[in-house]
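Source file: input.pdb. Holds: PDB, C-alpha atoms.
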ATOM      1  CA  MET A   1      14.492  10.223   1.833  1.00  0.00           C
ATOM      2  CA  LYS A   2      14.955   6.601   0.774  1.00  0.00           C
ATOM      3  CA  ILE A   3      12.566   4.984   3.254  1.00  0.00           C
ATOM      4  CA  LEU A   4       9.067   4.355   1.952  1.00  0.00           C
ATOM      5  CA  LYS A   5       5.737   3.392   3.435  1.00  0.00           C
ATOM      6  CA  LYS A   6       5.382  -0.362   4.172  1.00  0.00           C
ATOM      7  CA  ASP A   7       9.170  -0.844   4.451  1.00  0.00           C
ATOM      8  CA  LYS A   8      10.365  -2.987   7.338  1.00  0.00           C
ATOM      9  CA  VAL A   9      12.838  -0.989   9.449  1.00  0.00           C
ATOM     10  CA  MET A  10      14.995  -1.382  12.557  1.00  0.00           C
ATOM     11  CA  VAL A  11      15.633   1.423  15.057  1.00  0.00           C
ATOM     12  CA  ILE A  12      19.380   1.967  15.495  1.00  0.00           C
ATOM     13  CA  ALA A  13      19.381   4.828  18.036  1.00  0.00           C
ATOM     14  CA  GLY A  14      17.338   6.127  20.940  1.00  0.00           C
ATOM     15  CA  ARG A  15      15.267   4.485  23.657  1.00  0.00           C
ATOM     16  CA  ASP A  16      13.634   2.040  21.204  1.00  0.00           C
ATOM     17  CA  LYS A  17      16.988   0.813  19.827  1.00  0.00           C
ATOM     18  CA  GLY A  18      16.763  -2.715  18.378  1.00  0.00           C
ATOM     19  CA  LYS A  19      12.991  -2.674  17.793  1.00  0.00           C
ATOM     20  CA  GLN A  20      11.648  -3.551  14.359  1.00  0.00           C
ATOM     21  CA  GLY A  21       8.417  -2.486  12.707  1.00  0.00           C
ATOM     22  CA  GLU A  22       6.665  -1.455   9.520  1.00  0.00           C
ATOM     23  CA  VAL A  23       6.581   2.150   8.331  1.00  0.00           C
ATOM     24  CA  LEU A  24       2.990   3.381   8.657  1.00  0.00           C
ATOM     25  CA  ALA A  25       3.509   6.917   7.323  1.00  0.00           C
ATOM     26  CA  ALA A  26       6.321   9.008   5.824  1.00  0.00           C
ATOM     27  CA  PHE A  27       6.767  12.778   6.099  1.00  0.00           C
ATOM     28  CA  PRO A  28       9.586  13.742   3.677  1.00  0.00           C
ATOM     29  CA  ALA A  29       9.260  17.485   4.367  1.00  0.00           C
ATOM     30  CA  ASP A  30      10.017  16.910   8.066  1.00  0.00           C
ATOM     31  CA  ASN A  31      12.408  13.980   7.440  1.00  0.00           C
ATOM     32  CA  LYS A  32      10.340  11.822   9.818  1.00  0.00           C
ATOM     33  CA  ILE A  33       8.461   8.515   9.669  1.00  0.00           C
ATOM     34  CA  VAL A  34       5.917   6.728  11.850  1.00  0.00           C
ATOM     35  CA  VAL A  35       6.960   3.168  12.716  1.00  0.00           C
ATOM     36  CA  GLU A  36       4.552   0.602  14.139  1.00  0.00           C
ATOM     37  CA  GLY A  37       5.254  -0.031  17.854  1.00  0.00           C
ATOM     38  CA  VAL A  38       8.036   2.562  18.143  1.00  0.00           C
ATOM     39  CA  ASN A  39       8.056   5.931  19.965  1.00  0.00           C
ATOM     40  CA  ILE A  40       4.733   5.382  21.726  1.00  0.00           C
ATOM     41  CA  ALA A  41       3.405   8.272  23.840  1.00  0.00           C
ATOM     42  CA  LYS A  42       0.461   8.407  26.228  1.00  0.00           C
ATOM     43  CA  ARG A  43      -2.198  11.091  25.825  1.00  0.00           C
ATOM     44  CA  HIS A  44      -4.854  11.953  28.366  1.00  0.00           C
ATOM     45  CA  SER A  45      -8.191  12.515  26.625  1.00  0.00           C
ATOM     46  CA  LYS A  46     -11.339  14.129  27.954  1.00  0.00           C
ATOM     47  CA  PRO A  47     -14.640  12.306  27.581  1.00  0.00           C
ATOM     48  CA  SER A  48     -16.268  12.960  24.199  1.00  0.00           C
ATOM     49  CA  GLN A  49     -19.012  11.442  22.070  1.00  0.00           C
ATOM     50  CA  LEU A  50     -16.488   9.175  20.339  1.00  0.00           C
ATOM     51  CA  ASN A  51     -14.827   8.170  23.606  1.00  0.00           C
ATOM     52  CA  PRO A  52     -17.441   8.656  26.375  1.00  0.00           C
ATOM     53  CA  LYS A  53     -15.153   7.369  29.144  1.00  0.00           C
ATOM     54  CA  GLY A  54     -12.065   9.398  28.230  1.00  0.00           C
ATOM     55  CA  GLY A  55      -8.838   8.127  29.769  1.00  0.00           C
ATOM     56  CA  ILE A  56      -5.267   7.475  28.691  1.00  0.00           C
ATOM     57  CA  VAL A  57      -4.690   6.690  25.001  1.00  0.00           C
ATOM     58  CA  GLU A  58      -1.421   5.399  23.506  1.00  0.00           C
ATOM     59  CA  ILE A  59      -0.396   6.988  20.196  1.00  0.00           C
ATOM     60  CA  THR A  60       2.583   6.393  17.889  1.00  0.00           C
ATOM     61  CA  LYS A  61       4.628   9.531  17.269  1.00  0.00           C
ATOM     62  CA  PRO A  62       7.014  10.213  14.348  1.00  0.00           C
ATOM     63  CA  ILE A  63      10.708   9.342  14.613  1.00  0.00           C
ATOM     64  CA  ASP A  64      13.597  10.858  12.671  1.00  0.00           C
ATOM     65  CA  VAL A  65      14.688   8.935   9.570  1.00  0.00           C
ATOM     66  CA  SER A  66      18.336   9.031  10.654  1.00  0.00           C
ATOM     67  CA  LYS A  67      17.489   6.763  13.616  1.00  0.00           C
ATOM     68  CA  VAL A  68      16.298   3.834  11.475  1.00  0.00           C
ATOM     69  CA  MET A  69      17.663   1.496   8.805  1.00  0.00           C
ATOM     70  CA  VAL A  70      15.733  -0.531   6.247  1.00  0.00           C
ATOM     71  CA  ILE A  71      15.823  -4.297   6.738  1.00  0.00           C
ATOM     72  CA  ASP A  72      17.078  -6.246   3.729  1.00  0.00           C
ATOM     73  CA  PRO A  73      14.393  -8.814   2.710  1.00  0.00           C
ATOM     74  CA  VAL A  74      17.012 -11.389   1.649  1.00  0.00           C
ATOM     75  CA  SER A  75      19.481 -11.348   4.557  1.00  0.00           C
ATOM     76  CA  GLY A  76      17.220  -9.888   7.265  1.00  0.00           C
ATOM     77  CA  LYS A  77      19.975  -7.439   8.292  1.00  0.00           C
ATOM     78  CA  PRO A  78      19.787  -3.626   8.390  1.00  0.00           C
ATOM     79  CA  ALA A  79      20.991  -2.214   5.073  1.00  0.00           C
ATOM     80  CA  ARG A  80      21.526   1.002   3.195  1.00  0.00           C
ATOM     81  CA  VAL A  81      19.389   1.640   0.140  1.00  0.00           C
ATOM     82  CA  GLY A  82      20.601   2.879  -3.224  1.00  0.00           C
ATOM     83  CA  TYR A  83      19.198   3.344  -6.703  1.00  0.00           C
ATOM     84  CA  LYS A  84      20.460   2.151 -10.086  1.00  0.00           C
ATOM     85  CA  LEU A  85      19.132   2.398 -13.612  1.00  0.00           C
ATOM     86  CA  ASN A  86      18.483  -0.939 -15.308  1.00  0.00           C
ATOM     87  CA  ALA A  87      18.956  -1.686 -19.012  1.00  0.00           C
ATOM     88  CA  LYS A  88      15.529  -0.233 -19.854  1.00  0.00           C
ATOM     89  CA  GLY A  89      16.323   3.013 -18.038  1.00  0.00           C
ATOM     90  CA  LYS A  90      13.983   2.300 -15.136  1.00  0.00           C
ATOM     91  CA  LYS A  91      15.024   3.101 -11.582  1.00  0.00           C
ATOM     92  CA  GLU A  92      15.643   0.064  -9.349  1.00  0.00           C
ATOM     93  CA  ARG A  93      16.009   0.107  -5.596  1.00  0.00           C
ATOM     94  CA  ILE A  94      19.033  -1.865  -4.384  1.00  0.00           C
ATOM     95  CA  TYR A  95      19.857  -3.026  -0.851  1.00  0.00           C
ATOM     96  CA  LYS A  96      23.609  -2.569  -0.326  1.00  0.00           C
ATOM     97  CA  VAL A  97      24.076  -5.663   1.904  1.00  0.00           C
ATOM     98  CA  SER A  98      22.839  -8.354  -0.493  1.00  0.00           C
ATOM     99  CA  LYS A  99      22.640  -6.367  -3.765  1.00  0.00           C
ATOM    100  CA  PHE A 100      18.978  -7.462  -3.946  1.00  0.00           C
ATOM    101  CA  LYS A 101      17.056  -5.494  -6.572  1.00  0.00           C
ATOM    102  CA  ASN A 102      13.611  -4.196  -5.698  1.00  0.00           C
ATOM    103  CA  THR A 103      11.712  -2.358  -8.433  1.00  0.00           C
ATOM    104  CA  LYS A 104       9.387  -0.588  -5.967  1.00  0.00           C
ATOM    105  CA  VAL A 105      10.235   3.127  -6.236  1.00  0.00           C
ATOM    106  CA  LYS A 106       8.535   6.317  -5.105  1.00  0.00           C
ATOM    107  CA  LYS A 107       6.682   6.700  -8.415  1.00  0.00           C
ATOM    108  CA  ASP A 108       4.885   3.391  -7.835  1.00  0.00           C
ATOM    109  CA  ILE A 109       3.401   4.576  -4.533  1.00  0.00           C
ATOM    110  CA  LYS A 110       0.541   7.054  -4.472  1.00  0.00           C
ATOM    111  CA  LYS A 111       1.387  10.638  -3.548  1.00  0.00           C
ATOM    112  CA  ALA A 112      -0.965  10.484  -0.534  1.00  0.00           C
ATOM    113  CA  ASP A 113       0.964   7.482   0.833  1.00  0.00           C
ATOM    114  CA  ILE A 114       4.248   9.394   0.752  1.00  0.00           C
ATOM    115  CA  LYS A 115       2.750  12.442   2.480  1.00  0.00           C
ATOM    116  CA  GLY A 116       1.454  10.322   5.332  1.00  0.00           C
ATOM    117  CA  GLY A 117      -1.795   8.879   4.024  1.00  0.00           C
ATOM    118  CA  LYS A 118      -4.013  11.795   5.063  1.00  0.00           C
ATOM    119  CA  LYS A 119      -7.464  11.259   3.623  1.00  0.00           C
TER
END

Using structure tokens, write down the structure from this file.
Amino acid sequence: MKILKKDKVMVIAGRDKGKQGEVLAAFPADNKIVVEGVNIAKRHSKPSQLNPKGGIVEITKPIDVSKVMVIDPVSGKPARVGYKLNAKGKKERIYKVSKFKNTKVKKDIKKADIKGGKK
């Protein structure tokens, strides 16, 4: 899975097609991500000590990775992501539209962030 937490993505399929948002969590085992403002569902909650009134709560549900594309920071267009080794042998992330190099790779992000940020 080449989409990481804090990437800016655009939805390319489904009822939220065309919406853009930031990746809040990534679940590589399920091949799903949670995108801010996309795939919102309503949950009815009973009154509890945390929420004494109860009521209808909106939550963001995961969406399949195949339904989104990363937005290229240079051109602002949806792009595919690839990896190349630089002269020092370090992995670089490359956006296929503009050939922009981004050195942020999975190793730079904490393991908890990749699993979904459960704390």

Taking the file above as input, evaluate the PyMOL selection byres ((chain A and resi 68) around 9) and report the hits as JSON, numbers by chain. {"A": [9, 10, 11, 12, 13, 17, 63, 64, 65, 66, 67, 69, 70, 78]}

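Atom CA of A:Met1 is found 11.9 Å from atom CA of A:Tyr83.
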
As a check of understanding: the span from atom CA of A:Ile33 to atom CA of A:Gly55 is 26.5 Å

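Here atom CA of A:Gln20 is placed at a distance of 22.0 Å from atom CA of A:Val57.
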
What do you get, as a PyMOL selection string, if you spell out every residue that the PyMOL selection byres ((chain A and resi 34) around 12) selects here? chain A and resi 3-9+11+21-28+30-33+35-40+59-65+67-68+114-117

In file coordinates, which residues lie within 8 Å of (18.8, -10.0, -2.0) using all atoms listed in the file, given as a count of residues only? 10

Check the smallest atom-to-atom distance from each of A:Arg15, A:Lys96, A:Lys84, A:Lys42 to A:Ile71 using all atoms listed in the file, then report the winner. A:Lys96

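Nearest-residue note for A:Gly82: choosing from A:Ser45, A:Ile94, A:Gly14, A:Ile56, the minimum distance belongs to A:Ile94, counting all atoms listed in the file.
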
Quick one: axis-aligned box around all listed atoms of stretch 50-64 of chain A, 8 Å on every side, centre and edge lengths in Å to one decimal, written as AutoDock Vina command-line options.
--center_x -1.9 --center_y 8.1 --center_z 21.2 --size_x 47.0 --size_y 21.5 --size_z 33.1
